>>> print(open('input.cif').read())   # mmCIF, C-alpha atoms
data_entry
loop_
_atom_site.group_PDB
_atom_site.id
_atom_site.type_symbol
_atom_site.label_atom_id
_atom_site.label_comp_id
_atom_site.auth_asym_id
_atom_site.auth_seq_id
_atom_site.Cartn_x
_atom_site.Cartn_y
_atom_site.Cartn_z
ATOM 1 C CA MET N 1 -41.087 -106.619 -11.836
ATOM 2 C CA PHE N 2 -37.652 -106.736 -10.201
ATOM 3 C CA SER N 3 -37.025 -107.352 -6.551
ATOM 4 C CA GLY N 4 -33.686 -107.256 -4.847
ATOM 5 C CA ILE N 5 -31.733 -108.964 -2.139
ATOM 6 C CA LYS N 6 -28.720 -107.225 -0.654
ATOM 7 C CA GLN N 7 -26.078 -109.243 1.154
ATOM 8 C CA LYS N 8 -22.465 -108.871 2.136
ATOM 9 C CA ALA N 9 -20.111 -111.731 1.480
ATOM 10 C CA ILE N 10 -16.419 -112.445 1.717
ATOM 11 C CA VAL N 11 -14.542 -113.872 -1.207
ATOM 12 C CA GLY N 12 -13.339 -117.327 -0.286
ATOM 13 C CA LYS N 13 -10.722 -119.704 -1.602
ATOM 14 C CA ASP N 14 -10.251 -119.617 -5.376
ATOM 15 C CA GLY N 15 -12.515 -116.525 -5.627
ATOM 16 C CA LYS N 16 -15.616 -118.394 -4.490
ATOM 17 C CA ILE N 17 -18.522 -116.249 -3.256
ATOM 18 C CA GLU N 18 -21.415 -117.911 -1.452
ATOM 19 C CA LEU N 19 -24.849 -116.323 -1.086
ATOM 20 C CA SER N 20 -27.870 -117.711 0.687
ATOM 21 C CA ALA N 21 -31.331 -116.752 -0.536
ATOM 22 C CA THR N 22 -33.774 -119.180 1.027
ATOM 23 C CA GLU N 23 -36.689 -116.959 0.010
ATOM 24 C CA LEU N 24 -36.050 -117.747 -3.670
ATOM 25 C CA PRO N 25 -37.460 -120.983 -5.050
ATOM 26 C CA GLU N 26 -35.002 -123.454 -6.537
ATOM 27 C CA GLY N 27 -34.476 -122.824 -10.238
ATOM 28 C CA THR N 28 -35.191 -119.082 -10.088
ATOM 29 C CA VAL N 29 -33.051 -117.193 -12.606
ATOM 30 C CA VAL N 30 -31.133 -114.336 -10.992
ATOM 31 C CA GLU N 31 -28.607 -111.773 -12.134
ATOM 32 C CA VAL N 32 -25.690 -111.185 -9.805
ATOM 33 C CA ILE N 33 -23.754 -107.930 -9.640
ATOM 34 C CA VAL N 34 -20.693 -107.817 -7.391
ATOM 35 C CA LEU N 35 -19.737 -104.432 -5.936
ATOM 36 C CA VAL N 36 -16.277 -104.454 -4.388
ATOM 37 C CA GLU N 37 -15.806 -102.283 -1.298
ATOM 38 C CA PRO N 38 -12.620 -100.248 -1.214
ATOM 39 C CA PRO N 39 -10.184 -101.412 1.439
ATOM 40 C CA THR N 40 -10.550 -99.426 4.634
ATOM 41 C CA GLU N 41 -7.713 -98.389 6.851
ATOM 42 C CA GLU N 42 -7.910 -99.771 10.314
ATOM 43 C CA ASP N 43 -8.386 -97.100 12.964
ATOM 44 C CA GLU N 44 -5.941 -96.906 15.849
ATOM 45 C CA THR N 45 -8.372 -98.219 18.456
ATOM 46 C CA THR N 46 -9.147 -101.342 16.427
ATOM 47 C CA TYR N 47 -5.438 -101.939 15.846
ATOM 48 C CA LEU N 48 -4.621 -101.554 19.539
ATOM 49 C CA MET N 49 -7.457 -103.842 20.607
ATOM 50 C CA LYS N 50 -5.950 -106.767 18.667
ATOM 51 C CA SER N 51 -3.247 -107.351 21.277
ATOM 52 C CA GLU N 52 -4.517 -108.529 24.675
ATOM 53 C CA ALA N 53 -1.890 -106.455 26.509
ATOM 54 C CA ASN N 54 -2.755 -103.312 24.532
ATOM 55 C CA LYS N 55 -6.475 -103.999 24.902
ATOM 56 C CA LYS N 56 -6.159 -104.258 28.679
ATOM 57 C CA HIS N 57 -4.113 -101.039 28.857
ATOM 58 C CA LEU N 58 -6.493 -99.149 26.542
ATOM 59 C CA LEU N 59 -9.611 -100.253 28.432
ATOM 60 C CA LYS N 60 -8.005 -99.202 31.737
ATOM 61 C CA ALA N 61 -7.133 -95.809 30.244
ATOM 62 C CA MET N 62 -10.713 -95.386 28.975
ATOM 63 C CA GLU N 63 -12.013 -96.306 32.440
ATOM 64 C CA ASN N 64 -9.747 -93.650 33.985
ATOM 65 C CA VAL N 65 -11.092 -91.039 31.566
ATOM 66 C CA ASP N 66 -14.670 -91.974 32.498
ATOM 67 C CA LYS N 67 -13.793 -91.578 36.205
ATOM 68 C CA GLY N 68 -12.080 -88.238 35.603
ATOM 69 C CA ASN N 69 -8.666 -89.626 36.575
ATOM 70 C CA LEU N 70 -6.706 -87.463 34.173
ATOM 71 C CA ILE N 71 -3.295 -85.857 34.262
ATOM 72 C CA TYR N 72 -3.091 -82.492 32.565
ATOM 73 C CA VAL N 73 0.256 -81.605 31.025
ATOM 74 C CA ASP N 74 0.901 -78.088 29.799
ATOM 75 C CA LEU N 75 3.215 -78.814 26.875
ATOM 76 C CA ASP N 76 4.620 -75.282 26.824
ATOM 77 C CA GLU N 77 5.611 -75.541 30.492
ATOM 78 C CA TYR N 78 6.994 -79.023 29.963
ATOM 79 C CA GLU N 79 9.146 -77.820 27.068
ATOM 80 C CA LYS N 80 10.468 -74.903 29.161
ATOM 81 C CA SER N 81 11.422 -77.205 32.052
ATOM 82 C CA ARG N 82 12.990 -79.685 29.659
ATOM 83 C CA THR N 83 15.087 -76.944 28.046
ATOM 84 C CA ILE N 84 16.293 -75.791 31.476
ATOM 85 C CA ARG N 85 17.314 -79.373 32.411
ATOM 86 C CA VAL N 86 19.121 -79.920 29.104
ATOM 87 C CA ASN N 87 21.011 -76.624 29.374
ATOM 88 C CA TYR N 88 22.003 -77.443 32.963
ATOM 89 C CA ALA N 89 23.245 -80.879 31.918
ATOM 90 C CA LYS N 90 25.256 -79.418 29.043
ATOM 91 C CA ARG N 91 27.016 -77.026 31.408
ATOM 92 C CA HIS N 92 27.707 -79.527 34.195
ATOM 93 C CA TYR N 93 28.549 -82.794 32.445
ATOM 94 C CA ARG N 94 31.546 -83.418 30.199
ATOM 95 C CA SER N 95 29.595 -85.545 27.739
ATOM 96 C CA TYR N 96 25.999 -84.811 26.957
ATOM 97 C CA PRO N 97 23.847 -86.708 26.547
ATOM 98 C CA PRO N 98 25.137 -88.975 29.333
ATOM 99 C CA ARG N 99 26.205 -92.426 28.229
#
>>> encode(input="input.cif", output="structure tokens")
Amino acid sequence: MFSGIKQKAIVGKDGKIELSATELPEGTVVEVIVLVEPPTEEDETTYLMKSEANKKHLLKAMENVDKGNLIYVDLDEYEKSRTIRVNYAKRHYRSYPPR
């Protein structure tokens, strides 16, 4: 009868893989099958948390969300106001964008 042990391991230097199976008596014959996980892309939150400065900023932002401290921006209205400012600047300044 077969029994199984499932473990995760990380390939070390020179391709060495170490497994610990203290429940198996010394000398037990085993068959090892290695299943390689596909590389996963790191999500944005994990990436941002790597830097202490980004981590601090992200945690503060998450705290603000939890407290309801949010700023709502209507992107359509923002785009309209931006267009008005750009058109005004084009009419009133010799070089646009300003240098």
>>> resolve_selection(input="input.cif", expression="the PyMOL selection byres ((chain N and resi 20-25) around 12)", output="mmCIF file with C-alpha atoms, in the frame of the given file")
data_model
loop_
_atom_site.group_PDB
_atom_site.id
_atom_site.type_symbol
_atom_site.label_atom_id
_atom_site.label_comp_id
_atom_site.auth_asym_id
_atom_site.auth_seq_id
_atom_site.Cartn_x
_atom_site.Cartn_y
_atom_site.Cartn_z
ATOM 1 C CA SER N 3 -37.025 -107.352 -6.551
ATOM 2 C CA GLY N 4 -33.686 -107.256 -4.847
ATOM 3 C CA ILE N 5 -31.733 -108.964 -2.139
ATOM 4 C CA LYS N 6 -28.720 -107.225 -0.654
ATOM 5 C CA GLN N 7 -26.078 -109.243 1.154
ATOM 6 C CA LYS N 8 -22.465 -108.871 2.136
ATOM 7 C CA ALA N 9 -20.111 -111.731 1.480
ATOM 8 C CA ILE N 17 -18.522 -116.249 -3.256
ATOM 9 C CA GLU N 18 -21.415 -117.911 -1.452
ATOM 10 C CA LEU N 19 -24.849 -116.323 -1.086
ATOM 11 C CA GLU N 26 -35.002 -123.454 -6.537
ATOM 12 C CA GLY N 27 -34.476 -122.824 -10.238
ATOM 13 C CA THR N 28 -35.191 -119.082 -10.088
ATOM 14 C CA VAL N 29 -33.051 -117.193 -12.606
ATOM 15 C CA VAL N 30 -31.133 -114.336 -10.992
#
>>> atom_distance(input="input.cif", atom1="CA of His57 (chain N)", atom2="CA of Thr45 (chain N)")
11.6 Å
>>> axis_aligned_box(input="input.cif", around="region 70-82 of chain N", padding_each_side="5 Å", output="lines of an AutoDock Vina configuration file")
center_x = 3.1
center_y = -81.2
center_z = 30.5
size_x = 29.7
size_y = 22.6
size_z = 17.4
>>> decode(input="input.cif", residues="region 23-93 of chain N", atoms="C-alpha atoms", output="PDB file, in the first residue's frame")
ATOM      1  CA  GLU N  23       8.160   9.944  10.056  1.00  0.00           C
ATOM      2  CA  LEU N  24       9.978   7.582   7.670  1.00  0.00           C
ATOM      3  CA  PRO N  25      12.457   5.135   9.163  1.00  0.00           C
ATOM      4  CA  GLU N  26      16.038   5.325   7.934  1.00  0.00           C
ATOM      5  CA  GLY N  27      16.586   3.091   4.921  1.00  0.00           C
ATOM      6  CA  THR N  28      13.000   3.299   3.643  1.00  0.00           C
ATOM      7  CA  VAL N  29      12.912   3.201  -0.162  1.00  0.00           C
ATOM      8  CA  VAL N  30      10.932   6.100  -1.619  1.00  0.00           C
ATOM      9  CA  GLU N  31      10.118   7.363  -5.083  1.00  0.00           C
ATOM     10  CA  VAL N  32      10.381  11.100  -5.577  1.00  0.00           C
ATOM     11  CA  ILE N  33       8.401  13.022  -8.176  1.00  0.00           C
ATOM     12  CA  VAL N  34       9.157  16.724  -8.579  1.00  0.00           C
ATOM     13  CA  LEU N  35       6.327  18.944  -9.825  1.00  0.00           C
ATOM     14  CA  VAL N  36       7.541  22.385 -10.853  1.00  0.00           C
ATOM     15  CA  GLU N  37       5.163  25.277 -10.170  1.00  0.00           C
ATOM     16  CA  PRO N  38       4.816  27.790 -12.974  1.00  0.00           C
ATOM     17  CA  PRO N  39       6.300  31.169 -12.132  1.00  0.00           C
ATOM     18  CA  THR N  40       3.683  33.547 -10.798  1.00  0.00           C
ATOM     19  CA  GLU N  41       3.548  37.218 -11.533  1.00  0.00           C
ATOM     20  CA  GLU N  42       3.851  39.383  -8.506  1.00  0.00           C
ATOM     21  CA  ASP N  43       0.719  41.399  -7.789  1.00  0.00           C
ATOM     22  CA  GLU N  44       0.982  45.161  -7.454  1.00  0.00           C
ATOM     23  CA  THR N  45       0.421  45.217  -3.698  1.00  0.00           C
ATOM     24  CA  THR N  46       3.239  42.744  -3.056  1.00  0.00           C
ATOM     25  CA  TYR N  47       5.553  44.719  -5.335  1.00  0.00           C
ATOM     26  CA  LEU N  48       4.733  48.005  -3.607  1.00  0.00           C
ATOM     27  CA  MET N  49       5.189  46.522  -0.140  1.00  0.00           C
ATOM     28  CA  LYS N  50       8.838  45.675  -0.883  1.00  0.00           C
ATOM     29  CA  SER N  51       9.952  49.291  -0.505  1.00  0.00           C
ATOM     30  CA  GLU N  52       9.613  50.721   3.014  1.00  0.00           C
ATOM     31  CA  ALA N  53       8.577  54.134   1.658  1.00  0.00           C
ATOM     32  CA  ASN N  54       5.933  52.606  -0.625  1.00  0.00           C
ATOM     33  CA  LYS N  55       4.771  50.271   2.141  1.00  0.00           C
ATOM     34  CA  LYS N  56       4.264  53.183   4.529  1.00  0.00           C
ATOM     35  CA  HIS N  57       2.362  55.182   1.890  1.00  0.00           C
ATOM     36  CA  LEU N  58       0.198  52.198   0.885  1.00  0.00           C
ATOM     37  CA  LEU N  59      -0.685  51.306   4.482  1.00  0.00           C
ATOM     38  CA  LYS N  60      -1.636  54.942   5.172  1.00  0.00           C
ATOM     39  CA  ALA N  61      -3.829  54.969   2.059  1.00  0.00           C
ATOM     40  CA  MET N  62      -5.507  51.711   3.146  1.00  0.00           C
ATOM     41  CA  GLU N  63      -6.098  53.210   6.602  1.00  0.00           C
ATOM     42  CA  ASN N  64      -7.731  56.261   4.990  1.00  0.00           C
ATOM     43  CA  VAL N  65     -10.029  54.009   2.961  1.00  0.00           C
ATOM     44  CA  ASP N  66     -11.042  52.138   6.127  1.00  0.00           C
ATOM     45  CA  LYS N  67     -11.849  55.476   7.823  1.00  0.00           C
ATOM     46  CA  GLY N  68     -13.824  56.705   4.817  1.00  0.00           C
ATOM     47  CA  ASN N  69     -11.319  59.487   4.099  1.00  0.00           C
ATOM     48  CA  LEU N  70     -11.751  59.394   0.345  1.00  0.00           C
ATOM     49  CA  ILE N  71     -11.627  61.996  -2.383  1.00  0.00           C
ATOM     50  CA  TYR N  72     -14.048  61.423  -5.221  1.00  0.00           C
ATOM     51  CA  VAL N  73     -12.956  62.689  -8.621  1.00  0.00           C
ATOM     52  CA  ASP N  74     -15.420  62.776 -11.487  1.00  0.00           C
ATOM     53  CA  LEU N  75     -13.078  62.097 -14.401  1.00  0.00           C
ATOM     54  CA  ASP N  76     -15.485  63.548 -16.960  1.00  0.00           C
ATOM     55  CA  GLU N  77     -15.665  66.832 -15.041  1.00  0.00           C
ATOM     56  CA  TYR N  78     -11.917  66.839 -14.528  1.00  0.00           C
ATOM     57  CA  GLU N  79     -11.320  66.370 -18.254  1.00  0.00           C
ATOM     58  CA  LYS N  80     -13.729  69.226 -19.078  1.00  0.00           C
ATOM     59  CA  SER N  81     -11.982  71.606 -16.661  1.00  0.00           C
ATOM     60  CA  ARG N  82      -8.584  70.540 -17.946  1.00  0.00           C
ATOM     61  CA  THR N  83      -9.636  71.201 -21.546  1.00  0.00           C
ATOM     62  CA  ILE N  84     -10.884  74.676 -20.588  1.00  0.00           C
ATOM     63  CA  ARG N  85      -7.550  75.486 -18.863  1.00  0.00           C
ATOM     64  CA  VAL N  86      -5.502  74.215 -21.812  1.00  0.00           C
ATOM     65  CA  ASN N  87      -7.562  76.189 -24.336  1.00  0.00           C
ATOM     66  CA  TYR N  88      -7.240  79.331 -22.200  1.00  0.00           C
ATOM     67  CA  ALA N  89      -3.475  78.875 -21.959  1.00  0.00           C
ATOM     68  CA  LYS N  90      -3.169  78.366 -25.714  1.00  0.00           C
ATOM     69  CA  ARG N  91      -4.991  81.632 -26.368  1.00  0.00           C
ATOM     70  CA  HIS N  92      -3.167  83.730 -23.766  1.00  0.00           C
ATOM     71  CA  TYR N  93       0.436  82.521 -23.828  1.00  0.00           C
TER      72      TYR N  93
END
